[in-house]
Amino acid sequence: MFTIAGATGRVGGATARHLVGDGHAVRLVVRDPASVAEDLAGATVAQADLTDRAALAAALGGSRGCFFLVPFDP
């Protein structure tokens with residue numbers, strides 16, 4: 001299982017699509033599950049905000065790897 005944060009964006013979405021396309025189990029961490037693109041329907045969805053430690057810990061549980069590309073906020 002690979003966990004991807006930011007899968008509703010360009011880079012995270014491309015990463016998730018690549019992994020799903022290669023047949024990997026993928027979990028998407030999103031704030032709004034309704035925003036997940038139809039072509040990522042094979043992935044599981046974990047609803048979480050990146051500032052919610054408990055929700056992130058739950059989303060990462062059992063993951064073999066993760067991809068987090070978060071916006072820079074100076």
# chains A, B, ... in the order shown; residues from 1 in each chain; ligands from 1

call {"tool": "residues_around", "arguments": {"residues": "Ile4 in chain A", "least_positions_apart": "6", "cutoff": "9 Å", "atoms": "only C-alpha atoms", "output": "list of chain:residue names"}}
result
A:Gly12, A:Gly13, A:Thr15, A:Ala16, A:Val26, A:Arg27, A:Leu28, A:Val29, A:Val30, A:Gly65, A:Cys66, A:Phe67, A:Phe68, A:Leu69

call {"tool": "residues_around", "arguments": {"residues": "range 35-41 of chain A", "least_positions_apart": "6", "cutoff": "8 Å", "atoms": "only C-alpha atoms", "output": "PDB file with all heavy atoms, in the first residue's frame"}}
result
ATOM      1  N   ALA A   7      -3.371  14.018  -3.950  1.00  0.00           N
ATOM      2  CA  ALA A   7      -3.727  13.305  -5.172  1.00  0.00           C
ATOM      3  C   ALA A   7      -4.754  14.043  -6.015  1.00  0.00           C
ATOM      4  O   ALA A   7      -5.025  13.642  -7.140  1.00  0.00           O
ATOM      5  CB  ALA A   7      -4.235  11.908  -4.839  1.00  0.00           C
ATOM      6  N   THR A   8      -5.340  15.113  -5.495  1.00  0.00           N
ATOM      7  CA  THR A   8      -6.271  15.912  -6.288  1.00  0.00           C
ATOM      8  C   THR A   8      -5.529  16.985  -7.077  1.00  0.00           C
ATOM      9  O   THR A   8      -6.139  17.681  -7.885  1.00  0.00           O
ATOM     10  CB  THR A   8      -7.357  16.558  -5.399  1.00  0.00           C
ATOM     11  OG1 THR A   8      -6.732  17.363  -4.417  1.00  0.00           O
ATOM     12  CG2 THR A   8      -8.221  15.490  -4.740  1.00  0.00           C
ATOM     13  N   ALA A  16      -0.254   9.108  -8.149  1.00  0.00           N
ATOM     14  CA  ALA A  16      -1.292   8.129  -7.820  1.00  0.00           C
ATOM     15  C   ALA A  16      -1.725   7.354  -9.055  1.00  0.00           C
ATOM     16  O   ALA A  16      -1.865   6.123  -9.009  1.00  0.00           O
ATOM     17  CB  ALA A  16      -2.485   8.832  -7.178  1.00  0.00           C
ATOM     18  N   ARG A  17      -1.931   8.041 -10.173  1.00  0.00           N
ATOM     19  CA  ARG A  17      -2.347   7.362 -11.410  1.00  0.00           C
ATOM     20  C   ARG A  17      -1.300   6.357 -11.868  1.00  0.00           C
ATOM     21  O   ARG A  17      -1.637   5.263 -12.328  1.00  0.00           O
ATOM     22  CB  ARG A  17      -2.618   8.382 -12.509  1.00  0.00           C
ATOM     23  CG  ARG A  17      -3.907   9.101 -12.339  1.00  0.00           C
ATOM     24  CD  ARG A  17      -4.165  10.122 -13.461  1.00  0.00           C
ATOM     25  NE  ARG A  17      -5.312  10.922 -13.120  1.00  0.00           N
ATOM     26  CZ  ARG A  17      -5.286  11.999 -12.339  1.00  0.00           C
ATOM     27  NH1 ARG A  17      -4.142  12.429 -11.827  1.00  0.00           N
ATOM     28  NH2 ARG A  17      -6.393  12.658 -12.061  1.00  0.00           N
ATOM     29  N   VAL A  20      -1.506   3.317  -9.412  1.00  0.00           N
ATOM     30  CA  VAL A  20      -2.736   2.555  -9.648  1.00  0.00           C
ATOM     31  C   VAL A  20      -2.629   1.811 -10.986  1.00  0.00           C
ATOM     32  O   VAL A  20      -2.980   0.636 -11.089  1.00  0.00           O
ATOM     33  CB  VAL A  20      -3.983   3.476  -9.619  1.00  0.00           C
ATOM     34  CG1 VAL A  20      -5.219   2.769 -10.149  1.00  0.00           C
ATOM     35  CG2 VAL A  20      -4.232   3.973  -8.205  1.00  0.00           C
TER      36      VAL A  20
END

call {"tool": "atom_distance", "arguments": {"atom1": "CA of Asp49 in chain A", "atom2": "CA of Asp32 in chain A"}}
result
9.3 Å

call {"tool": "select_by_dssp", "arguments": {"residues": "chain A", "states": "alpha helix (DSSP H)", "output": "list in words"}}
result
Arg10, Val11, Gly12, Gly13, Ala14, Thr15, Ala16, Arg17, His18, Leu19, Val20, Gly21, Arg53, Ala54, Ala55, Leu56, Ala57, Ala58, Ala59 and Leu60 of chain A

call {"tool": "select_by_dssp", "arguments": {"residues": "chain A", "states": "strand (DSSP E)", "output": "ChimeraX atom specification"}}
result
/A:2-5,26-30,44-47,65-68

call {"tool": "write_last_selection", "arguments": {"atoms": "all heavy atoms", "output": "compact mmCIF listing (two decimals), in the first residue's frame"}}
result
# COMPACT_ATOMS: atom_id res chain seq x y z
N PHE A 2 0.60 2.14 -0.92
CA PHE A 2 1.27 3.44 -0.97
C PHE A 2 0.25 4.51 -0.64
O PHE A 2 -0.87 4.48 -1.13
CB PHE A 2 1.86 3.71 -2.36
CG PHE A 2 3.00 2.81 -2.71
CD1 PHE A 2 2.80 1.67 -3.45
CD2 PHE A 2 4.28 3.12 -2.28
CE1 PHE A 2 3.84 0.83 -3.77
CE2 PHE A 2 5.34 2.28 -2.59
CZ PHE A 2 5.11 1.13 -3.34
N THR A 3 0.62 5.45 0.20
CA THR A 3 -0.26 6.53 0.60
C THR A 3 0.19 7.82 -0.09
O THR A 3 1.37 8.17 -0.03
CB THR A 3 -0.27 6.71 2.13
OG1 THR A 3 -0.72 5.49 2.72
CG2 THR A 3 -1.19 7.83 2.55
N ILE A 4 -0.75 8.49 -0.74
CA ILE A 4 -0.46 9.70 -1.50
C ILE A 4 -1.29 10.85 -0.94
O ILE A 4 -2.52 10.79 -0.90
CB ILE A 4 -0.83 9.53 -3.00
CG1 ILE A 4 -0.24 8.26 -3.59
CG2 ILE A 4 -0.42 10.77 -3.79
CD1 ILE A 4 1.25 8.23 -3.67
N ALA A 5 -0.62 11.91 -0.52
CA ALA A 5 -1.31 13.14 -0.12
C ALA A 5 -1.22 14.10 -1.30
O ALA A 5 -0.20 14.16 -1.98
CB ALA A 5 -0.68 13.76 1.11
N VAL A 26 -3.24 1.67 -3.47
CA VAL A 26 -2.98 3.09 -3.20
C VAL A 26 -4.08 3.64 -2.30
O VAL A 26 -5.25 3.36 -2.48
CB VAL A 26 -2.94 3.91 -4.52
CG1 VAL A 26 -2.78 5.38 -4.25
CG2 VAL A 26 -1.82 3.40 -5.42
N ARG A 27 -3.65 4.43 -1.32
CA ARG A 27 -4.58 5.16 -0.44
C ARG A 27 -4.35 6.65 -0.68
O ARG A 27 -3.22 7.13 -0.61
CB ARG A 27 -4.33 4.82 1.02
CG ARG A 27 -5.28 5.53 1.97
CD ARG A 27 -4.99 5.18 3.43
NE ARG A 27 -5.10 3.75 3.65
CZ ARG A 27 -4.18 3.02 4.29
NH1 ARG A 27 -3.09 3.57 4.77
NH2 ARG A 27 -4.35 1.73 4.46
N LEU A 28 -5.42 7.37 -0.93
CA LEU A 28 -5.35 8.81 -1.18
C LEU A 28 -5.77 9.56 0.07
O LEU A 28 -6.82 9.29 0.63
CB LEU A 28 -6.29 9.19 -2.33
CG LEU A 28 -6.18 8.35 -3.60
CD1 LEU A 28 -7.25 8.75 -4.58
CD2 LEU A 28 -4.79 8.46 -4.20
N VAL A 29 -4.96 10.50 0.50
CA VAL A 29 -5.31 11.35 1.64
C VAL A 29 -5.85 12.66 1.07
O VAL A 29 -5.13 13.40 0.40
CB VAL A 29 -4.08 11.63 2.54
CG1 VAL A 29 -4.46 12.53 3.71
CG2 VAL A 29 -3.46 10.33 3.03
N VAL A 30 -7.13 12.90 1.32
CA VAL A 30 -7.79 14.09 0.77
C VAL A 30 -8.66 14.75 1.84
O VAL A 30 -9.11 14.09 2.77
CB VAL A 30 -8.66 13.75 -0.46
CG1 VAL A 30 -7.80 13.21 -1.59
CG2 VAL A 30 -9.75 12.77 -0.11
N THR A 44 -8.15 3.52 -2.49
CA THR A 44 -8.97 3.79 -1.31
C THR A 44 -8.75 5.25 -0.91
O THR A 44 -7.73 5.85 -1.27
CB THR A 44 -8.61 2.86 -0.14
OG1 THR A 44 -7.25 3.06 0.21
CG2 THR A 44 -8.84 1.41 -0.49
N VAL A 45 -9.69 5.79 -0.18
CA VAL A 45 -9.63 7.20 0.20
C VAL A 45 -9.66 7.32 1.71
O VAL A 45 -10.47 6.69 2.39
CB VAL A 45 -10.81 7.98 -0.42
CG1 VAL A 45 -10.82 9.42 0.06
CG2 VAL A 45 -10.75 7.92 -1.94
N ALA A 46 -8.75 8.14 2.24
CA ALA A 46 -8.73 8.48 3.66
C ALA A 46 -8.96 9.98 3.76
O ALA A 46 -8.19 10.76 3.21
CB ALA A 46 -7.39 8.11 4.28
N GLN A 47 -10.01 10.37 4.42
CA GLN A 47 -10.30 11.79 4.60
C GLN A 47 -9.50 12.31 5.78
O GLN A 47 -9.62 11.81 6.90
CB GLN A 47 -11.78 12.03 4.82
CG GLN A 47 -12.14 13.50 4.87
CD GLN A 47 -13.65 13.71 4.93
OE1 GLN A 47 -14.43 12.77 4.96
NE2 GLN A 47 -14.05 14.96 4.92
N GLY A 65 4.98 2.86 1.66
CA GLY A 65 5.64 4.10 1.27
C GLY A 65 4.62 5.21 1.17
O GLY A 65 3.41 4.95 1.10
N CYS A 66 5.09 6.44 1.19
CA CYS A 66 4.16 7.56 1.08
C CYS A 66 4.77 8.66 0.23
O CYS A 66 5.99 8.75 0.09
CB CYS A 66 3.76 8.09 2.45
SG CYS A 66 5.11 8.80 3.39
N PHE A 67 3.90 9.47 -0.34
CA PHE A 67 4.29 10.61 -1.15
C PHE A 67 3.49 11.80 -0.65
O PHE A 67 2.26 11.80 -0.73
CB PHE A 67 4.00 10.35 -2.63
CG PHE A 67 4.36 11.50 -3.51
CD1 PHE A 67 5.65 11.64 -3.99
CD2 PHE A 67 3.42 12.44 -3.89
CE1 PHE A 67 5.99 12.70 -4.82
CE2 PHE A 67 3.74 13.50 -4.70
CZ PHE A 67 5.04 13.63 -5.16
N PHE A 68 4.18 12.79 -0.11
CA PHE A 68 3.55 14.00 0.39
C PHE A 68 4.22 15.19 -0.26
O PHE A 68 5.40 15.44 -0.02
CB PHE A 68 3.72 14.11 1.91
CG PHE A 68 2.73 13.34 2.72
CD1 PHE A 68 2.56 11.98 2.53
CD2 PHE A 68 1.96 13.96 3.68
CE1 PHE A 68 1.65 11.25 3.26
CE2 PHE A 68 1.03 13.25 4.43
CZ PHE A 68 0.88 11.90 4.21

call {"tool": "residues_around", "arguments": {"residues": "Gly62 in chain A", "least_positions_apart": "2", "cutoff": "9 Å", "atoms": "only C-alpha atoms", "output": "PyMOL selection string"}}
result
chain A and resi 1-2+58-60+64

call {"tool": "write_last_selection", "arguments": {"atoms": "C-alpha atoms", "output": "PDB file, in the first residue's frame"}}
result
ATOM      1  CA  MET A   1       0.000   0.000   0.000  1.00  0.00           C
ATOM      2  CA  PHE A   2       1.272   3.435  -0.968  1.00  0.00           C
ATOM      3  CA  ALA A  58      -4.471   6.439  10.643  1.00  0.00           C
ATOM      4  CA  ALA A  59      -4.085   7.168   6.916  1.00  0.00           C
ATOM      5  CA  LEU A  60      -0.438   6.078   6.958  1.00  0.00           C
ATOM      6  CA  ARG A  64       4.832   0.620   2.512  1.00  0.00           C
TER       7      ARG A  64
END

call {"tool": "closest_residue", "arguments": {"among": "A:Val11, A:Gly6, A:Gly42, A:Gly61", "to": "Gly23 in chain A", "atoms": "only C-alpha atoms"}}
result
A:Gly42

call {"tool": "atom_distance", "arguments": {"atom1": "CA of Ala55 in chain A", "atom2": "CA of Ala34 in chain A"}}
result
17.8 Å

call {"tool": "decode", "arguments": {"residues": "range 8-24 of chain A", "atoms": "all heavy atoms", "output": "PDB file, in the first residue's frame"}}
result
ATOM      1  N   THR A   8      -5.340  15.113  -5.495  1.00  0.00           N
ATOM      2  CA  THR A   8      -6.271  15.912  -6.288  1.00  0.00           C
ATOM      3  C   THR A   8      -5.529  16.985  -7.077  1.00  0.00           C
ATOM      4  O   THR A   8      -6.139  17.681  -7.885  1.00  0.00           O
ATOM      5  CB  THR A   8      -7.357  16.558  -5.399  1.00  0.00           C
ATOM      6  OG1 THR A   8      -6.732  17.363  -4.417  1.00  0.00           O
ATOM      7  CG2 THR A   8      -8.221  15.490  -4.740  1.00  0.00           C
ATOM      8  N   GLY A   9      -4.230  17.080  -6.873  1.00  0.00           N
ATOM      9  CA  GLY A   9      -3.412  18.046  -7.601  1.00  0.00           C
ATOM     10  C   GLY A   9      -2.676  17.404  -8.762  1.00  0.00           C
ATOM     11  O   GLY A   9      -2.807  16.209  -9.032  1.00  0.00           O
ATOM     12  N   ARG A  10      -1.876  18.196  -9.442  1.00  0.00           N
ATOM     13  CA  ARG A  10      -1.177  17.731 -10.642  1.00  0.00           C
ATOM     14  C   ARG A  10      -0.123  16.666 -10.337  1.00  0.00           C
ATOM     15  O   ARG A  10      -0.145  15.590 -10.911  1.00  0.00           O
ATOM     16  CB  ARG A  10      -0.522  18.914 -11.341  1.00  0.00           C
ATOM     17  CG  ARG A  10       0.306  18.485 -12.538  1.00  0.00           C
ATOM     18  CD  ARG A  10       1.036  19.618 -13.153  1.00  0.00           C
ATOM     19  NE  ARG A  10       0.132  20.283 -14.082  1.00  0.00           N
ATOM     20  CZ  ARG A  10       0.416  21.409 -14.690  1.00  0.00           C
ATOM     21  NH1 ARG A  10       1.540  22.023 -14.457  1.00  0.00           N
ATOM     22  NH2 ARG A  10      -0.433  21.935 -15.527  1.00  0.00           N
ATOM     23  N   VAL A  11       0.802  16.947  -9.445  1.00  0.00           N
ATOM     24  CA  VAL A  11       1.911  16.022  -9.182  1.00  0.00           C
ATOM     25  C   VAL A  11       1.448  14.805  -8.382  1.00  0.00           C
ATOM     26  O   VAL A  11       1.753  13.666  -8.733  1.00  0.00           O
ATOM     27  CB  VAL A  11       3.074  16.750  -8.465  1.00  0.00           C
ATOM     28  CG1 VAL A  11       4.186  15.781  -8.129  1.00  0.00           C
ATOM     29  CG2 VAL A  11       3.602  17.880  -9.337  1.00  0.00           C
ATOM     30  N   GLY A  12       0.697  15.043  -7.312  1.00  0.00           N
ATOM     31  CA  GLY A  12       0.184  13.923  -6.522  1.00  0.00           C
ATOM     32  C   GLY A  12      -0.758  13.051  -7.335  1.00  0.00           C
ATOM     33  O   GLY A  12      -0.737  11.817  -7.212  1.00  0.00           O
ATOM     34  N   GLY A  13      -1.571  13.670  -8.177  1.00  0.00           N
ATOM     35  CA  GLY A  13      -2.486  12.921  -9.037  1.00  0.00           C
ATOM     36  C   GLY A  13      -1.739  12.057 -10.032  1.00  0.00           C
ATOM     37  O   GLY A  13      -2.096  10.896 -10.253  1.00  0.00           O
ATOM     38  N   ALA A  14      -0.699  12.603 -10.638  1.00  0.00           N
ATOM     39  CA  ALA A  14       0.104  11.831 -11.593  1.00  0.00           C
ATOM     40  C   ALA A  14       0.789  10.658 -10.893  1.00  0.00           C
ATOM     41  O   ALA A  14       0.851   9.552 -11.436  1.00  0.00           O
ATOM     42  CB  ALA A  14       1.140  12.727 -12.267  1.00  0.00           C
ATOM     43  N   THR A  15       1.279  10.899  -9.693  1.00  0.00           N
ATOM     44  CA  THR A  15       1.921   9.837  -8.922  1.00  0.00           C
ATOM     45  C   THR A  15       0.921   8.730  -8.613  1.00  0.00           C
ATOM     46  O   THR A  15       1.201   7.544  -8.806  1.00  0.00           O
ATOM     47  CB  THR A  15       2.511  10.407  -7.618  1.00  0.00           C
ATOM     48  OG1 THR A  15       3.440  11.445  -7.945  1.00  0.00           O
ATOM     49  CG2 THR A  15       3.219   9.338  -6.815  1.00  0.00           C
ATOM     50  N   ALA A  16      -0.254   9.108  -8.149  1.00  0.00           N
ATOM     51  CA  ALA A  16      -1.292   8.129  -7.820  1.00  0.00           C
ATOM     52  C   ALA A  16      -1.725   7.354  -9.055  1.00  0.00           C
ATOM     53  O   ALA A  16      -1.865   6.123  -9.009  1.00  0.00           O
ATOM     54  CB  ALA A  16      -2.485   8.832  -7.178  1.00  0.00           C
ATOM     55  N   ARG A  17      -1.931   8.041 -10.173  1.00  0.00           N
ATOM     56  CA  ARG A  17      -2.347   7.362 -11.410  1.00  0.00           C
ATOM     57  C   ARG A  17      -1.300   6.357 -11.868  1.00  0.00           C
ATOM     58  O   ARG A  17      -1.637   5.263 -12.328  1.00  0.00           O
ATOM     59  CB  ARG A  17      -2.618   8.382 -12.509  1.00  0.00           C
ATOM     60  CG  ARG A  17      -3.907   9.101 -12.339  1.00  0.00           C
ATOM     61  CD  ARG A  17      -4.165  10.122 -13.461  1.00  0.00           C
ATOM     62  NE  ARG A  17      -5.312  10.922 -13.120  1.00  0.00           N
ATOM     63  CZ  ARG A  17      -5.286  11.999 -12.339  1.00  0.00           C
ATOM     64  NH1 ARG A  17      -4.142  12.429 -11.827  1.00  0.00           N
ATOM     65  NH2 ARG A  17      -6.393  12.658 -12.061  1.00  0.00           N
ATOM     66  N   HIS A  18      -0.049   6.722 -11.758  1.00  0.00           N
ATOM     67  CA  HIS A  18       1.038   5.814 -12.151  1.00  0.00           C
ATOM     68  C   HIS A  18       1.013   4.552 -11.287  1.00  0.00           C
ATOM     69  O   HIS A  18       1.090   3.434 -11.803  1.00  0.00           O
ATOM     70  CB  HIS A  18       2.386   6.525 -12.031  1.00  0.00           C
ATOM     71  CG  HIS A  18       3.545   5.684 -12.397  1.00  0.00           C
ATOM     72  ND1 HIS A  18       3.877   5.409 -13.706  1.00  0.00           N
ATOM     73  CD2 HIS A  18       4.437   5.024 -11.632  1.00  0.00           C
ATOM     74  CE1 HIS A  18       4.935   4.615 -13.718  1.00  0.00           C
ATOM     75  NE2 HIS A  18       5.292   4.374 -12.472  1.00  0.00           N
ATOM     76  N   LEU A  19       0.900   4.724  -9.991  1.00  0.00           N
ATOM     77  CA  LEU A  19       0.895   3.576  -9.082  1.00  0.00           C
ATOM     78  C   LEU A  19      -0.340   2.705  -9.284  1.00  0.00           C
ATOM     79  O   LEU A  19      -0.236   1.470  -9.339  1.00  0.00           O
ATOM     80  CB  LEU A  19       0.986   4.048  -7.633  1.00  0.00           C
ATOM     81  CG  LEU A  19       2.341   4.633  -7.221  1.00  0.00           C
ATOM     82  CD1 LEU A  19       2.236   5.318  -5.869  1.00  0.00           C
ATOM     83  CD2 LEU A  19       3.405   3.549  -7.190  1.00  0.00           C
ATOM     84  N   VAL A  20      -1.506   3.317  -9.412  1.00  0.00           N
ATOM     85  CA  VAL A  20      -2.736   2.555  -9.648  1.00  0.00           C
ATOM     86  C   VAL A  20      -2.629   1.811 -10.986  1.00  0.00           C
ATOM     87  O   VAL A  20      -2.980   0.636 -11.089  1.00  0.00           O
ATOM     88  CB  VAL A  20      -3.983   3.476  -9.619  1.00  0.00           C
ATOM     89  CG1 VAL A  20      -5.219   2.769 -10.149  1.00  0.00           C
ATOM     90  CG2 VAL A  20      -4.232   3.973  -8.205  1.00  0.00           C
ATOM     91  N   GLY A  21      -2.123   2.497 -12.000  1.00  0.00           N
ATOM     92  CA  GLY A  21      -1.962   1.892 -13.323  1.00  0.00           C
ATOM     93  C   GLY A  21      -1.020   0.702 -13.325  1.00  0.00           C
ATOM     94  O   GLY A  21      -1.176  -0.228 -14.125  1.00  0.00           O
ATOM     95  N   ASP A  22      -0.048   0.721 -12.432  1.00  0.00           N
ATOM     96  CA  ASP A  22       0.895  -0.397 -12.313  1.00  0.00           C
ATOM     97  C   ASP A  22       0.368  -1.503 -11.398  1.00  0.00           C
ATOM     98  O   ASP A  22       1.072  -2.461 -11.123  1.00  0.00           O
ATOM     99  CB  ASP A  22       2.248   0.088 -11.793  1.00  0.00           C
ATOM    100  CG  ASP A  22       3.092   0.746 -12.869  1.00  0.00           C
ATOM    101  OD1 ASP A  22       2.697   0.713 -14.058  1.00  0.00           O
ATOM    102  OD2 ASP A  22       4.166   1.297 -12.529  1.00  0.00           O
ATOM    103  N   GLY A  23      -0.856  -1.332 -10.908  1.00  0.00           N
ATOM    104  CA  GLY A  23      -1.477  -2.372 -10.105  1.00  0.00           C
ATOM    105  C   GLY A  23      -1.179  -2.333  -8.621  1.00  0.00           C
ATOM    106  O   GLY A  23      -1.481  -3.282  -7.898  1.00  0.00           O
ATOM    107  N   HIS A  24      -0.606  -1.237  -8.139  1.00  0.00           N
ATOM    108  CA  HIS A  24      -0.301  -1.115  -6.708  1.00  0.00           C
ATOM    109  C   HIS A  24      -1.548  -0.702  -5.923  1.00  0.00           C
ATOM    110  O   HIS A  24      -2.415   0.002  -6.443  1.00  0.00           O
ATOM    111  CB  HIS A  24       0.790  -0.071  -6.469  1.00  0.00           C
ATOM    112  CG  HIS A  24       2.104  -0.446  -7.045  1.00  0.00           C
ATOM    113  ND1 HIS A  24       2.939  -1.363  -6.466  1.00  0.00           N
ATOM    114  CD2 HIS A  24       2.721  -0.028  -8.172  1.00  0.00           C
ATOM    115  CE1 HIS A  24       4.023  -1.504  -7.187  1.00  0.00           C
ATOM    116  NE2 HIS A  24       3.918  -0.697  -8.241  1.00  0.00           N
TER     117      HIS A  24
END
